[in-house]
$ cat start-v6.cif   # mmCIF, C-alpha atoms
data_query
#
loop_
_atom_site.label_atom_id
_atom_site.label_comp_id
_atom_site.auth_asym_id
_atom_site.auth_seq_id
_atom_site.Cartn_x
_atom_site.Cartn_y
_atom_site.Cartn_z
CA GLU Y 227 36.01 -16.01 -52.04
CA MET Y 228 32.48 -14.67 -52.08
CA ALA Y 229 32.10 -10.89 -51.79
CA GLY Y 230 29.32 -8.36 -52.04
CA THR Y 231 27.82 -5.19 -50.70
CA LEU Y 232 26.09 -4.97 -47.35
CA ALA Y 233 23.64 -2.47 -45.85
CA PHE Y 234 22.09 -2.02 -42.41
CA THR Y 235 18.89 0.01 -42.10
CA ASN Y 236 17.55 0.95 -38.64
CA PHE Y 237 19.47 -1.99 -37.21
CA ALA Y 238 18.99 -2.37 -33.42
CA LEU Y 239 22.29 -2.90 -31.59
CA GLY Y 240 20.93 -3.22 -28.04
CA PRO Y 241 20.24 -6.99 -28.09
CA PHE Y 242 23.89 -7.64 -28.99
CA PHE Y 243 25.07 -6.09 -25.71
CA PRO Y 244 22.89 -7.68 -22.98
CA GLU Y 245 25.60 -7.05 -20.37
CA TRP Y 246 25.22 -3.29 -20.91
CA PRO Y 247 21.67 -2.44 -19.69
CA VAL Y 248 22.36 1.30 -19.94
CA TRP Y 249 23.32 0.94 -23.60
CA ASP Y 250 20.24 -1.16 -24.31
CA SER Y 251 17.95 1.44 -22.68
CA MET Y 252 19.21 4.04 -25.17
CA ASN Y 253 17.85 1.96 -28.09
CA PRO Y 254 20.94 2.28 -30.30
CA THR Y 255 20.05 2.14 -34.00
CA LEU Y 256 22.58 1.81 -36.85
CA ASN Y 257 22.43 2.71 -40.52
CA ALA Y 258 25.54 1.71 -42.48
CA GLU Y 259 26.70 0.32 -45.80
CA GLY Y 260 29.87 -1.35 -47.11
CA THR Y 261 31.33 -4.62 -48.29
CA LEU Y 262 31.58 -8.16 -46.94
CA ALA Y 263 34.04 -10.82 -48.19
CA ILE Y 264 33.73 -14.48 -47.15
CA PRO Y 265 36.77 -16.62 -48.11
CA PHE Y 266 36.32 -20.29 -48.88
CA GLY Y 267 38.01 -22.71 -46.49
CA ASN Y 268 39.09 -20.22 -43.82
CA SER Y 269 36.28 -18.36 -42.13
CA ARG Y 270 38.78 -16.62 -39.86
CA ASN Y 271 39.74 -14.34 -42.74
CA LEU Y 272 36.22 -12.94 -43.01
CA ARG Y 273 36.41 -9.27 -43.99
CA LEU Y 274 33.82 -6.62 -43.21
CA ASP Y 275 34.27 -2.99 -44.20
CA LEU Y 276 31.44 -0.60 -43.32
CA LYS Y 277 30.95 3.14 -43.27
CA THR Y 278 28.26 4.39 -40.91
CA LYS Y 279 25.61 6.67 -42.35
CA SER Y 280 24.01 7.30 -38.96
CA LEU Y 281 23.85 5.99 -35.42
CA THR Y 282 21.28 7.28 -32.93
CA LEU Y 283 20.82 6.92 -29.17
CA THR Y 284 17.55 7.81 -27.43
CA THR Y 285 18.09 9.84 -24.24
CA ASP Y 286 16.12 12.08 -21.90
CA GLU Y 287 17.70 15.03 -23.68
CA GLY Y 288 16.57 13.86 -27.11
CA ILE Y 289 18.21 11.83 -29.85
CA LEU Y 290 22.00 11.64 -29.83
CA THR Y 291 23.22 11.53 -33.42
CA GLN Y 292 26.44 10.72 -35.21
CA LYS Y 293 28.25 13.81 -36.48
CA ASP Y 294 30.94 12.28 -38.67
CA SER Y 295 31.02 8.94 -40.43
CA ALA Y 296 32.82 6.14 -38.56
CA HIS Y 297 34.70 3.20 -39.99
CA ILE Y 298 33.65 -0.31 -38.89
CA SER Y 299 35.87 -3.22 -39.89
CA LEU Y 300 36.31 -6.91 -39.21
CA LEU Y 301 39.55 -8.48 -40.37
CA ASN Y 302 41.34 -11.60 -39.11
CA GLN Y 303 39.03 -11.82 -36.07
CA ASN Y 304 39.79 -8.22 -35.12
CA PHE Y 305 36.71 -6.00 -34.86
CA ASP Y 306 37.07 -2.20 -34.79
CA ILE Y 307 34.80 0.81 -34.63
CA ASP Y 308 37.14 3.74 -35.20
CA THR Y 309 36.24 7.17 -33.77
CA LEU Y 310 32.49 7.33 -33.64
CA HIS Y 311 31.60 10.99 -33.00
CA LEU Y 312 28.28 11.60 -31.24
CA ILE Y 313 26.62 14.94 -30.48
CA SER Y 314 23.39 15.87 -28.70
CA PRO Y 315 20.61 18.00 -30.17
CA THR Y 316 21.31 20.94 -27.83
CA GLN Y 317 24.30 23.24 -27.86
CA HIS Y 318 25.04 22.40 -24.20
CA GLY Y 319 24.76 18.69 -24.75
CA THR Y 320 27.09 15.80 -25.29
CA ASN Y 321 30.17 15.64 -27.53
CA LEU Y 322 31.71 12.16 -27.40
CA PHE Y 323 34.33 10.20 -29.35
CA LEU Y 324 34.06 6.43 -28.98
CA LYS Y 325 36.46 3.73 -30.21
CA ILE Y 326 35.70 0.00 -29.83
CA ASN Y 327 38.01 -2.93 -30.43
CA LYS Y 328 37.49 -6.66 -29.91
CA ASN Y 329 39.72 -9.52 -30.98
CA PHE Y 330 37.76 -12.77 -31.19
CA ALA Y 331 40.95 -14.81 -31.08
CA ASN Y 332 41.51 -16.39 -27.66
CA ASN Y 333 38.18 -14.91 -26.57
CA GLN Y 334 39.75 -11.55 -25.71
CA PRO Y 335 37.36 -9.00 -24.13
CA MET Y 336 36.15 -5.84 -25.81
CA THR Y 337 38.01 -2.57 -25.21
CA LEU Y 338 36.37 0.84 -25.35
CA THR Y 339 38.05 4.23 -25.43
CA LEU Y 340 35.78 7.16 -24.60
CA LYS Y 341 36.74 10.83 -24.81
CA GLY Y 342 34.66 13.98 -24.67
CA ASP Y 343 32.05 15.73 -22.56
CA VAL Y 344 28.77 14.51 -21.09
CA SER Y 345 26.33 17.04 -19.68
CA GLY Y 346 22.76 17.75 -18.68
CA PRO Y 347 20.14 14.99 -18.28
CA LEU Y 348 22.43 12.48 -20.01
CA LEU Y 349 24.35 12.25 -16.74
CA ASN Y 350 21.39 10.40 -15.23
CA TYR Y 351 22.51 7.35 -17.18
CA PHE Y 352 25.74 7.33 -15.19
CA SER Y 353 24.05 7.87 -11.81
CA PRO Y 354 20.59 6.23 -11.94
CA ASP Y 355 19.84 7.04 -8.28
CA MET Y 356 20.43 10.75 -8.81
CA ILE Y 357 18.70 13.52 -10.71
CA VAL Y 358 21.33 15.69 -12.38
CA GLU Y 359 20.37 19.30 -12.89
CA ARG Y 360 23.49 20.58 -14.60
CA GLY Y 361 27.22 20.12 -14.94
CA ILE Y 362 29.81 18.72 -17.32
CA VAL Y 363 31.74 15.47 -16.98
CA THR Y 364 34.85 15.27 -19.17
CA LEU Y 365 35.93 11.70 -19.90
CA ASP Y 366 39.21 10.23 -21.08
CA LEU Y 367 38.73 6.54 -20.30
CA THR Y 368 39.69 3.13 -21.57
CA ALA Y 369 37.40 0.35 -20.35
CA ILE Y 370 37.04 -3.42 -20.65
CA PRO Y 371 33.35 -3.98 -19.75
CA ASP Y 372 33.57 -7.77 -19.48
CA ALA Y 373 36.31 -7.48 -16.88
CA ARG Y 374 34.83 -4.35 -15.28
CA ASP Y 375 38.25 -2.84 -15.75
CA PHE Y 376 38.89 0.78 -16.67
CA SER Y 377 41.50 3.49 -16.37
CA GLY Y 378 41.89 7.13 -17.26
CA THR Y 379 40.69 10.51 -16.03
CA ILE Y 380 37.29 11.97 -15.14
CA ILE Y 381 36.96 15.73 -14.66
CA LEU Y 382 33.83 17.11 -12.96
CA ASN Y 383 32.78 20.73 -13.46
CA GLU Y 384 29.85 22.50 -11.77
CA LEU Y 385 28.04 19.23 -11.17
CA GLN Y 386 24.75 19.74 -9.32
CA PHE Y 387 22.45 16.88 -8.38
CA PHE Y 388 20.24 15.47 -5.65
CA PRO Y 389 19.21 11.93 -4.64
CA LEU Y 390 15.85 10.63 -5.76
CA GLN Y 391 13.00 11.12 -3.26
CA SER Y 392 14.99 13.78 -1.46
CA ASP Y 393 15.29 17.58 -1.48
CA LEU Y 394 18.93 17.52 -0.31
CA GLU Y 395 20.97 19.10 -3.08
CA LEU Y 396 24.66 18.33 -3.61
CA SER Y 397 27.18 20.00 -5.87
CA ILE Y 398 30.79 19.42 -6.95
CA PRO Y 399 32.33 22.66 -8.30
CA HIS Y 400 35.42 20.95 -9.69
CA ALA Y 401 37.25 17.66 -9.26
CA ILE Y 402 39.81 15.54 -11.08
CA LEU Y 403 39.56 11.77 -10.59
CA THR Y 404 42.40 9.57 -11.83
CA LEU Y 405 41.34 5.93 -12.16
CA SER Y 406 43.26 2.70 -12.47
CA HIS Y 407 41.99 -0.86 -12.57
CA GLU Y 408 41.56 -0.96 -8.78
CA ASN Y 409 41.53 2.54 -7.31
CA VAL Y 410 40.68 6.20 -7.80
CA SER Y 411 42.87 9.12 -6.82
CA MET Y 412 41.20 12.39 -5.78
CA GLN Y 413 42.85 15.77 -5.37
CA ASN Y 414 40.99 18.55 -3.58
CA MET Y 415 37.62 17.08 -4.54
CA THR Y 416 35.08 19.49 -3.04
CA VAL Y 417 31.48 18.47 -2.30
CA ASN Y 418 29.00 21.14 -1.20
CA TRP Y 419 25.91 19.96 0.64
CA GLN Y 420 23.27 22.02 2.43
CA GLY Y 421 25.62 24.94 3.07
CA GLY Y 422 28.53 22.75 4.22
CA THR Y 423 31.66 21.50 2.51
CA LEU Y 424 33.54 18.20 2.34
CA ILE Y 425 37.02 18.12 0.77
CA VAL Y 426 38.49 14.73 -0.16
CA ASP Y 427 42.16 14.05 -0.94
CA GLY Y 428 43.91 10.75 -1.43
CA LEU Y 429 43.37 7.28 -2.80
CA TYR Y 430 40.34 5.00 -2.51
CA ASN Y 431 40.88 1.34 -3.40
CA TRP Y 432 37.65 -0.57 -4.14
CA LYS Y 433 39.38 -3.90 -4.77
CA THR Y 434 41.55 -3.82 -1.64
CA PRO Y 435 39.94 -1.42 0.88
CA SER Y 436 42.85 -1.98 3.30
CA ASN Y 437 45.00 0.06 0.87
CA THR Y 438 42.68 3.08 1.03
CA ALA Y 439 44.30 6.32 2.24
CA LEU Y 440 42.02 9.37 2.35
CA LYS Y 441 41.94 12.71 4.11
CA LEU Y 442 38.46 14.17 4.67
CA THR Y 443 38.13 17.82 5.66
CA LEU Y 444 34.71 18.95 6.94
CA ARG Y 445 33.71 22.60 7.08
CA ASP Y 446 30.34 23.40 8.61
CA PHE Y 447 29.21 20.03 7.23
CA PRO Y 448 25.57 19.21 8.07
CA ILE Y 449 24.51 16.17 10.10
CA LEU Y 450 20.83 15.40 9.61
CA LEU Y 451 18.85 12.58 11.25
CA GLU Y 452 15.22 12.73 10.16
CA ASN Y 453 12.84 13.90 12.91
CA THR Y 454 15.66 13.55 15.46
CA PHE Y 455 18.74 15.75 15.13
CA GLU Y 456 20.30 18.50 13.04
CA GLY Y 457 23.73 20.06 13.41
CA SER Y 458 27.05 20.74 11.68
CA LEU Y 459 30.67 19.63 12.04
CA ASP Y 460 34.17 20.95 11.50
CA GLY Y 461 37.22 18.72 11.53
CA VAL Y 462 39.68 16.49 9.74
CA LEU Y 463 39.38 12.70 9.35
CA ASP Y 464 42.08 10.28 8.25
CA TRP Y 465 40.87 7.08 6.57
CA GLN Y 466 43.72 4.58 6.51
CA GLY Y 467 42.67 1.07 5.52
CA ASP Y 468 39.97 -0.07 7.94
CA LEU Y 469 40.58 2.75 10.47
CA ILE Y 470 38.85 6.15 10.44
CA SER Y 471 40.45 8.52 12.95
CA GLY Y 472 40.58 12.23 13.68
CA SER Y 473 38.89 14.99 15.63
CA LEU Y 474 35.58 16.75 15.08
CA ASP Y 475 34.05 19.94 16.46
CA LEU Y 476 30.29 20.08 16.80
CA LEU Y 477 29.56 23.68 15.81
CA GLU Y 478 25.91 23.52 16.73
CA GLY Y 479 23.29 20.88 17.25
CA ARG Y 480 19.61 20.54 18.01
CA TYR Y 481 17.91 17.38 19.26
CA TYR Y 482 14.15 17.72 18.75
CA ARG Y 483 12.64 14.24 18.83
CA ASP Y 484 9.61 13.98 21.14
CA PHE Y 485 9.16 11.09 23.57
CA LYS Y 486 6.18 9.30 25.08
CA LEU Y 487 7.52 8.45 28.51
CA LEU Y 488 4.95 5.72 29.24
CA ASP Y 489 6.03 3.82 26.14
CA TYR Y 490 9.51 3.48 27.66
CA ILE Y 491 8.18 2.47 31.06
CA LEU Y 492 5.48 0.00 30.01
CA LYS Y 493 7.06 -1.49 26.87
CA PRO Y 494 10.37 -3.36 26.68
CA SER Y 495 13.06 -1.67 24.58
CA ASP Y 496 13.76 -3.20 21.20
CA ARG Y 497 17.37 -2.32 20.72
CA ASP Y 498 17.45 -3.69 17.16
CA THR Y 499 14.72 -1.40 15.89
CA ASN Y 500 15.79 1.57 18.03
CA ASN Y 501 19.41 1.46 16.96
CA PRO Y 502 19.95 4.38 14.53
CA PHE Y 503 23.27 2.88 13.41
CA LYS Y 504 21.79 -0.44 12.23
CA GLN Y 505 21.45 0.80 8.65
CA LEU Y 506 25.23 1.27 8.57
CA GLN Y 507 26.05 -2.37 9.25
CA LYS Y 508 27.52 -2.75 5.76
CA LEU Y 509 30.34 -0.49 7.00
CA ASP Y 510 30.90 -2.49 10.18
CA SER Y 511 34.38 -3.58 9.09
CA TYR Y 512 35.65 -0.03 9.60
CA ARG Y 513 37.06 0.86 13.02
CA LEU Y 514 36.70 4.28 14.64
CA ASP Y 515 39.01 6.42 16.75
CA LEU Y 516 37.43 9.86 16.86
CA GLY Y 517 37.31 12.79 19.22
CA LEU Y 518 34.15 14.94 19.38
CA LYS Y 519 33.80 18.26 21.23
CA ASP Y 520 31.14 20.91 21.00
CA ARG Y 521 31.97 24.48 20.12
CA GLY Y 522 28.55 26.07 20.07
CA GLY Y 523 26.48 24.01 22.49
CA VAL Y 524 23.89 21.36 21.79
CA GLN Y 525 20.23 22.20 22.29
CA VAL Y 526 17.57 19.72 23.36
CA ASP Y 527 14.13 21.02 22.44
CA ASN Y 528 11.33 18.48 22.69
CA ASN Y 529 8.21 17.71 24.70
CA LEU Y 530 10.23 16.68 27.80
CA ALA Y 531 13.06 19.19 28.01
CA THR Y 532 14.62 22.44 26.92
CA LEU Y 533 18.31 22.07 27.69
CA THR Y 534 21.76 23.31 26.72
CA LEU Y 535 24.40 20.58 26.60
CA GLY Y 536 28.16 20.36 26.23
CA ALA Y 537 29.98 17.34 24.78
CA ASP Y 538 33.46 15.87 25.15
CA LEU Y 539 33.53 12.35 23.76
CA ASN Y 540 35.83 9.75 22.26
CA ILE Y 541 34.20 7.42 19.76
CA ARG Y 542 35.65 3.97 19.11
CA GLY Y 543 34.26 0.61 18.04
CA SER Y 544 32.76 0.40 14.55
CA ILE Y 545 30.44 2.56 12.49
CA SER Y 546 27.34 0.45 13.16
CA ASN Y 547 28.34 -0.41 16.74
CA PRO Y 548 30.10 2.64 18.18
CA LEU Y 549 31.46 2.77 21.74
CA LEU Y 550 31.58 6.07 23.63
CA ASP Y 551 33.97 7.26 26.30
CA GLY Y 552 33.46 10.68 27.87
CA SER Y 553 30.56 12.84 28.90
CA ILE Y 554 27.76 15.14 27.88
CA THR Y 555 27.01 17.80 30.50
CA VAL Y 556 23.67 19.49 31.11
CA ASN Y 557 24.57 23.14 31.61
CA GLU Y 558 21.14 24.67 32.03
CA GLY Y 559 17.53 24.28 31.08
CA ARG Y 560 14.16 22.89 32.09
CA ILE Y 561 12.64 19.41 32.27
CA GLN Y 562 8.89 18.68 32.15
CA LEU Y 563 8.04 15.46 33.99
CA MET Y 564 4.69 14.12 35.19
CA GLY Y 565 3.11 17.56 35.06
CA PHE Y 566 5.94 19.32 36.92
CA SER Y 567 8.45 21.75 35.47
CA PHE Y 568 11.96 21.54 36.93
CA ASP Y 569 14.13 24.61 36.37
CA ASP Y 570 17.85 25.19 36.86
CA THR Y 571 18.47 21.67 35.59
CA GLN Y 572 22.07 20.48 35.67
CA GLY Y 573 23.67 17.10 35.28
CA GLU Y 574 25.87 14.77 33.33
CA MET Y 575 25.65 11.69 31.12
CA THR Y 576 28.80 9.59 31.09
CA TRP Y 577 30.03 6.64 29.06
CA ARG Y 578 32.93 4.36 29.84
CA ASN Y 579 33.65 2.63 26.55
CA THR Y 580 29.98 1.62 26.30
CA PRO Y 581 27.31 1.78 23.54
CA PRO Y 582 25.39 5.07 23.13
CA ASN Y 583 22.29 3.65 24.85
CA ARG Y 584 24.27 2.60 27.96
CA ALA Y 585 25.00 5.93 29.65
CA SER Y 586 25.16 6.72 33.34
CA VAL Y 587 22.83 9.66 33.96
CA GLY Y 588 22.75 12.09 36.84
CA VAL Y 589 20.39 15.08 36.57
CA SER Y 590 19.09 17.49 39.22
CA GLY Y 591 16.51 20.27 39.08
CA LEU Y 592 14.28 22.48 41.22
CA THR Y 593 10.53 23.05 41.04
CA GLY Y 594 7.93 24.95 43.04
CA ILE Y 595 4.73 23.24 44.28
CA THR Y 596 1.82 25.12 45.89
CA ALA Y 597 0.56 23.19 48.92
CA ILE Y 598 -1.90 24.01 51.74
CA ALA Y 599 0.85 25.64 53.73
CA GLY Y 600 1.86 27.76 50.75
CA ARG Y 601 4.49 27.52 48.02
CA LYS Y 602 7.43 25.20 48.68
CA ASN Y 603 10.49 24.35 46.67
CA HIS Y 604 11.13 20.71 45.87
CA SER Y 605 14.19 19.22 44.29
CA LEU Y 606 14.41 16.45 41.70
CA ALA Y 607 17.30 14.04 41.29
CA LEU Y 608 17.41 11.44 38.49
CA SER Y 609 20.01 8.73 38.01
#

$ encode --input "start-v6.cif" --output "structure tokens"
Amino acid sequence: EMAGTLAFTNFALGPFFPEWPVWDSMNPTLNAEGTLAIPFGNSRNLRLDLKTKSLTLTTDEGILTQKDSAHISLLNQNFDIDTLHLISPTQHGTNLFLKINKNFANNQPMTLTLKGDVSGPLLNYFSPDMIVERGIVTLDLTAIPDARDFSGTIILNELQFFPLQSDLELSIPHAILTLSHENVSMQNMTVNWQGGTLIVDGLYNWKTPSNTALKLTLRDFPILLENTFEGSLDGVLDWQGDLISGSLDLLEGRYYRDFKLLDYILKPSDRDTNNPFKQLQKLDSYRLDLGLKDRGGVQVDNNLATLTLGADLNIRGSISNPLLDGSITVNEGRIQLMGFSFDDTQGEMTWRNTPPNRASVGVSGLTGITAIAGRKNHSLALS
């Protein structure tokens, strides 16, 4: 047997974990010293015994450092890093305990056990499409990265973040997520967004979506379509497998998109580019069975009309290709058309299990026109 001492100075660990791009981006650097024993004739009994002096990770918050020395060993093809304790440079930062084990026999995958708290800008490493302003994520997880398998518990507290290139802020006051190798269980997970609330209970299965069973409760939850519509919803949705059902109340709504009427008359409609649901085609496998009624009236306020509407609709089909059955009534308002203003407008748009852009429309209004013989009332009927 040949044995001796061994030392690592500013040793970069990132290249040894190419499948972990997040880890590599943190530029992990190791300083450690210990012993190495190489037996003659049986390399499987190679023994490595190290004690870490320091391990650092570069983050947006600063340099994460090792608080207590960790033990690194390699014996009989079993590799262990036992309880590596990392802390951040700020008092509100990260406090993590990490254990790693890999048995090289039979090519077994690596197992990681992670416990502790992650907070502040470090959370951006776990949600690269979000900017995290504050909050604490408490982890108690065991993961097998090669198999993308993990289980354990994640607790969210006062998490506040917003998507990149957006000013829409979201927050999660508190949530407990219990994970297994194929699903996540959520109990009373509350998401606050733009003054509204979404509460999620149940089980989401990412390996077998047909086993998903969720209850979604919406309270004054905002619906925002850029330069088109803004409103809010109340209601309860049941997500069972590939079916999303339930009833929704439209508390208020405002449709404010302007139209150039000649563009619709002189140019053919391109239904592919005009379909606002096309971006949701990835969710097309989910079926809908929803009821939608208005509780506060829907306002149309654009260059063609100022109207108050009422809605009573059933929505079926799929998310990207919905079918409507029911009606939207025009209760009152004004329409501007070809230079004329038609008051006391009333009417109805009806669907009979048809796409949103295939409605039957009947609208009537009254206008006054000054002619040679004096002012006369003229009526308008559109269908």

$ closest_residue --input "start-v6.cif" --among "Y:Arg445, Y:His407, Y:Lys328, Y:Arg273" --to "Y:Asn431" --atoms "only C-alpha atoms"
Y:His407

$ residues_around --input "start-v6.cif" --residues "Y:Lys325" --least-positions-apart "4" --cutoff "6 Å" --atoms "only C-alpha atoms" --output "PyMOL selection string"
chain Y and resi 307-309+338-339

$ residues_around --input "start-v6.cif" --residues "Y:Gly260" --least-positions-apart "6" --cutoff "12 Å" --atoms "all atoms listed in the file" --output "ChimeraX atom specification"
/Y:229-234,273-279,296-300

$ residues_around --input "start-v6.cif" --residues "Y:Pro399" --least-positions-apart "3" --cutoff "9 Å" --atoms "all atoms listed in the file" --output "list in words"
Gly361, Leu382, Asn383, Glu384, Leu385, Gln386, Met415, Thr416, Val417 and Asn418 of chain Y

$ write_last_selection --input "start-v6.cif" --atoms "C-alpha atoms" --output "short mmCIF file (atom, residue, chain, number, x, y, z; two decimals), in the coordinates of the input"
data_model
loop_
_atom_site.label_atom_id
_atom_site.label_comp_id
_atom_site.auth_asym_id
_atom_site.auth_seq_id
_atom_site.Cartn_x
_atom_site.Cartn_y
_atom_site.Cartn_z
CA GLY Y 361 27.22 20.12 -14.94
CA LEU Y 382 33.83 17.11 -12.96
CA ASN Y 383 32.78 20.73 -13.46
CA GLU Y 384 29.85 22.50 -11.77
CA LEU Y 385 28.04 19.23 -11.17
CA GLN Y 386 24.75 19.74 -9.32
CA MET Y 415 37.62 17.08 -4.54
CA THR Y 416 35.08 19.49 -3.04
CA VAL Y 417 31.48 18.47 -2.30
CA ASN Y 418 29.00 21.14 -1.20
#

$ resolve_selection --input "start-v6.cif" --expression "the PyMOL selection byres ((chain Y and resi 536-547) around 10)" --output "PyMOL selection string"
chain Y and resi 468-471+473-476+501-525+534-535+548-557+574-582

$ atom_distance --input "start-v6.cif" --atom1 "atom CA of Y:Asp460" --atom2 "atom CA of Y:Ile425"
11.5 Å

$ resolve_selection --input "start-v6.cif" --expression "the PyMOL selection byres ((chain Y and resi 429) around 9)" --output "list in words"
Asn409, Val410, Ser411, Met412, Gln413, Asp427, Gly428, Tyr430, Asn431, Asn437, Thr438, Ala439, Leu440 and Lys441 of chain Y

$ write_last_selection --input "start-v6.cif" --atoms "C-alpha atoms" --output "PDB file, keeping the file's coordinate frame"
ATOM      1  CA  ASN Y 409      41.530   2.540  -7.310  1.00  0.00           C
ATOM      2  CA  VAL Y 410      40.680   6.200  -7.800  1.00  0.00           C
ATOM      3  CA  SER Y 411      42.870   9.120  -6.820  1.00  0.00           C
ATOM      4  CA  MET Y 412      41.200  12.390  -5.780  1.00  0.00           C
ATOM      5  CA  GLN Y 413      42.850  15.770  -5.370  1.00  0.00           C
ATOM      6  CA  ASP Y 427      42.160  14.050  -0.940  1.00  0.00           C
ATOM      7  CA  GLY Y 428      43.910  10.750  -1.430  1.00  0.00           C
ATOM      8  CA  TYR Y 430      40.340   5.000  -2.510  1.00  0.00           C
ATOM      9  CA  ASN Y 431      40.880   1.340  -3.400  1.00  0.00           C
ATOM     10  CA  ASN Y 437      45.000   0.060   0.870  1.00  0.00           C
ATOM     11  CA  THR Y 438      42.680   3.080   1.030  1.00  0.00           C
ATOM     12  CA  ALA Y 439      44.300   6.320   2.240  1.00  0.00           C
ATOM     13  CA  LEU Y 440      42.020   9.370   2.350  1.00  0.00           C
ATOM     14  CA  LYS Y 441      41.940  12.710   4.110  1.00  0.00           C
TER      15      LYS Y 441
END

$ atom_distance --input "start-v6.cif" --atom1 "atom CA of Y:Thr443" --atom2 "atom CA of Y:Val462"
4.6 Å

$ residues_around --input "start-v6.cif" --residues "Y:Leu340" --least-positions-apart "3" --cutoff "8 Å" --atoms "only C-alpha atoms" --output "VMD selection string"
chain Y and resid 322 to 325 365 to 368

$ closest_residue --input "start-v6.cif" --among "Y:Leu396, Y:Leu239, Y:Ala263, Y:Val526" --to "Y:Trp419" --atoms "all atoms listed in the file"
Y:Leu396

$ resolve_selection --input "start-v6.cif" --expression "the PyMOL selection byres ((chain Y and resi 329) around 10)" --output "number ranges by chain"
Y: 300-306, 327-328, 330-337

$ write_last_selection --input "start-v6.cif" --atoms "C-alpha atoms" --output "compact mmCIF listing (two decimals), in the coordinates of the input"
# COMPACT_ATOMS: atom_id res chain seq x y z
CA LEU Y 300 36.31 -6.91 -39.21
CA LEU Y 301 39.55 -8.48 -40.37
CA ASN Y 302 41.34 -11.60 -39.11
CA GLN Y 303 39.03 -11.82 -36.07
CA ASN Y 304 39.79 -8.22 -35.12
CA PHE Y 305 36.71 -6.00 -34.86
CA ASP Y 306 37.07 -2.20 -34.79
CA ASN Y 327 38.01 -2.93 -30.43
CA LYS Y 328 37.49 -6.66 -29.91
CA PHE Y 330 37.76 -12.77 -31.19
CA ALA Y 331 40.95 -14.81 -31.08
CA ASN Y 332 41.51 -16.39 -27.66
CA ASN Y 333 38.18 -14.91 -26.57
CA GLN Y 334 39.75 -11.55 -25.71
CA PRO Y 335 37.36 -9.00 -24.13
CA MET Y 336 36.15 -5.84 -25.81
CA THR Y 337 38.01 -2.57 -25.21

$ atom_distance --input "start-v6.cif" --atom1 "atom CA of Y:Gly559" --atom2 "atom CA of Y:Asn453"
21.4 Å

$ residues_near_point --input "start-v6.cif" --point "(16.3, 13.2, 19.4)" --cutoff "12 Å" --atoms "only C-alpha atoms" --output "number ranges by chain"
Y: 450-457, 479-485, 500, 502, 524-531
